[in-house]
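S.K.: First, the structure itself, so that you have it in front of you.
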Amino acid sequence: MNQTARVLPLTNDFSYFGPAKLTSNEKPDATAEICWLSSGIQHSAIARVAISRFTSLQIGDEVLITAQSLEEVYITGLLSKPESVTRLETLGAYAKLAENRDSTSEKILEVYTSENELLFSYNPVKQTTCVNISKGNLELRTEDGDIHLNAANRVCLDGQSLEMETKKFKLQADNATLVFARLETITDTLIENAKNVYRSVKQLTQLRSGRMRTLVDETYHFKANKVMLKAEEDYKIKAEKIHLG
């Protein structure tokens with residue numbers, strides 16, 4: 001005896017509160033396509049996002065939904081993300097929570113480029129933030145404003161070369177130490193003001209100038225093992241008293 005099976009349409013009168021999976025990224029109108037399993041039947045619908053979050057929902061996210069019908073479905077919570085990864089589809093970059101190499105109990109937030117190169121990392125336990133640029137340049141720019149680097153301890157600059165181009169340069173410090181293998185200074189006018197100046201040179205000090213003038217308010221003391229003074233023309237000494245020997 002042959003029997004004919006009849007396919008009946010699924011009724012729309014049902015309610016559901018539970019988990020669901022996103023089958024599409026969140027759209028600009030705050031909706032997303034989802035699917036879920038209820039009573040052994042697979043359902044799919046377009047749901048409205050009704051939660052606050054820092055990033056858009058992505059394919060594969062597990063969310064909590066409330067449904068009165070297939071036309072009234074709302075996303076009311078975010079349960080989990082696959083492998084703790086958030087992909088930025090427009091850039092090809094992605095972020096993930098990675099285990100700290102020094103401690104498996106700590107998690108580090110890492111952001112990678114589309115070529116799987118580490119771009120940014122944040123360790124909440126040590127409170128350290130690192131921006132890593134393996135290729136390309138890093139530029140800090142402000143069209144109308146200032147750039148301030150403020151640290152409670154040290155500010156370190158490490159590179160092959162350091163170049164500065166500015167109209168004004170001012171350095172104010174309680175204590176400064178400069179160590180150079182070679183120092184070359186080129187300037188139109190050099191003005192130095194100091195309370196005391198001490199210089200120690202192991203080998204040669206050479207000064208070449210068009211004219212030279214030294215003004216001393218009190219005593220001028222000059223001492224050397226050998227002294228040689230040579231003038232191409234005149235050599236004058238003027239004093240109230242001159243002591244020789």
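If you're wondering about the labels, chains in the structure tokens are A, B, ... by order shown, residues count from 1 in each chain, ligands from 1 in order shown.
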Compile the contact shell of range 46-49 of chain A as a list in words: residues with an atom at most 9 Å away, counting only C-alpha atoms, same-chain residues fewer than 3 positions apart removed.

M.R.: Glu26, Asp29, Ala30, Thr31, Ala32, Glu33, Ile34, Cys35, Ser52, Leu57, Ile65, Ala67, Leu70, Glu71, Glu72, Val73, Tyr74, Ile75, Thr76 and Gly77 of chain A

S.K.: Name the residues in contact with range 129-132 of chain A at a cut-off of 9 Å, using only C-alpha atoms, excluding same-chain residues fewer than 5 positions from it; report them as number ranges by chain.

M.R.: A: 117-124

S.K.: Suppose you want the space between CA of Asn153 in chain A and CA of Lys107 in chain A; what is it in Å?

M.R.: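 Computing it gives 25.7 Å between the two atoms.
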
S.K.: Using the chain letters and numbers from this document, which residues of range 20-206 of chain A does DSSP assign to strand (DSSP E or B), as a ChimeraX atom specification?

M.R.: /A:20-22,31-38,41-49,62-69,72-80,85-88,93-99,107-112,118-123,128-131

S.K.: Can you tell me how far CA of Tyr112 in chain A sits from CA of Ser134 in chain A, in Å to one decimal?

M.R.: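 Separation between CA of Tyr112 in chain A and CA of Ser134 in chain A: 11.2 Å.
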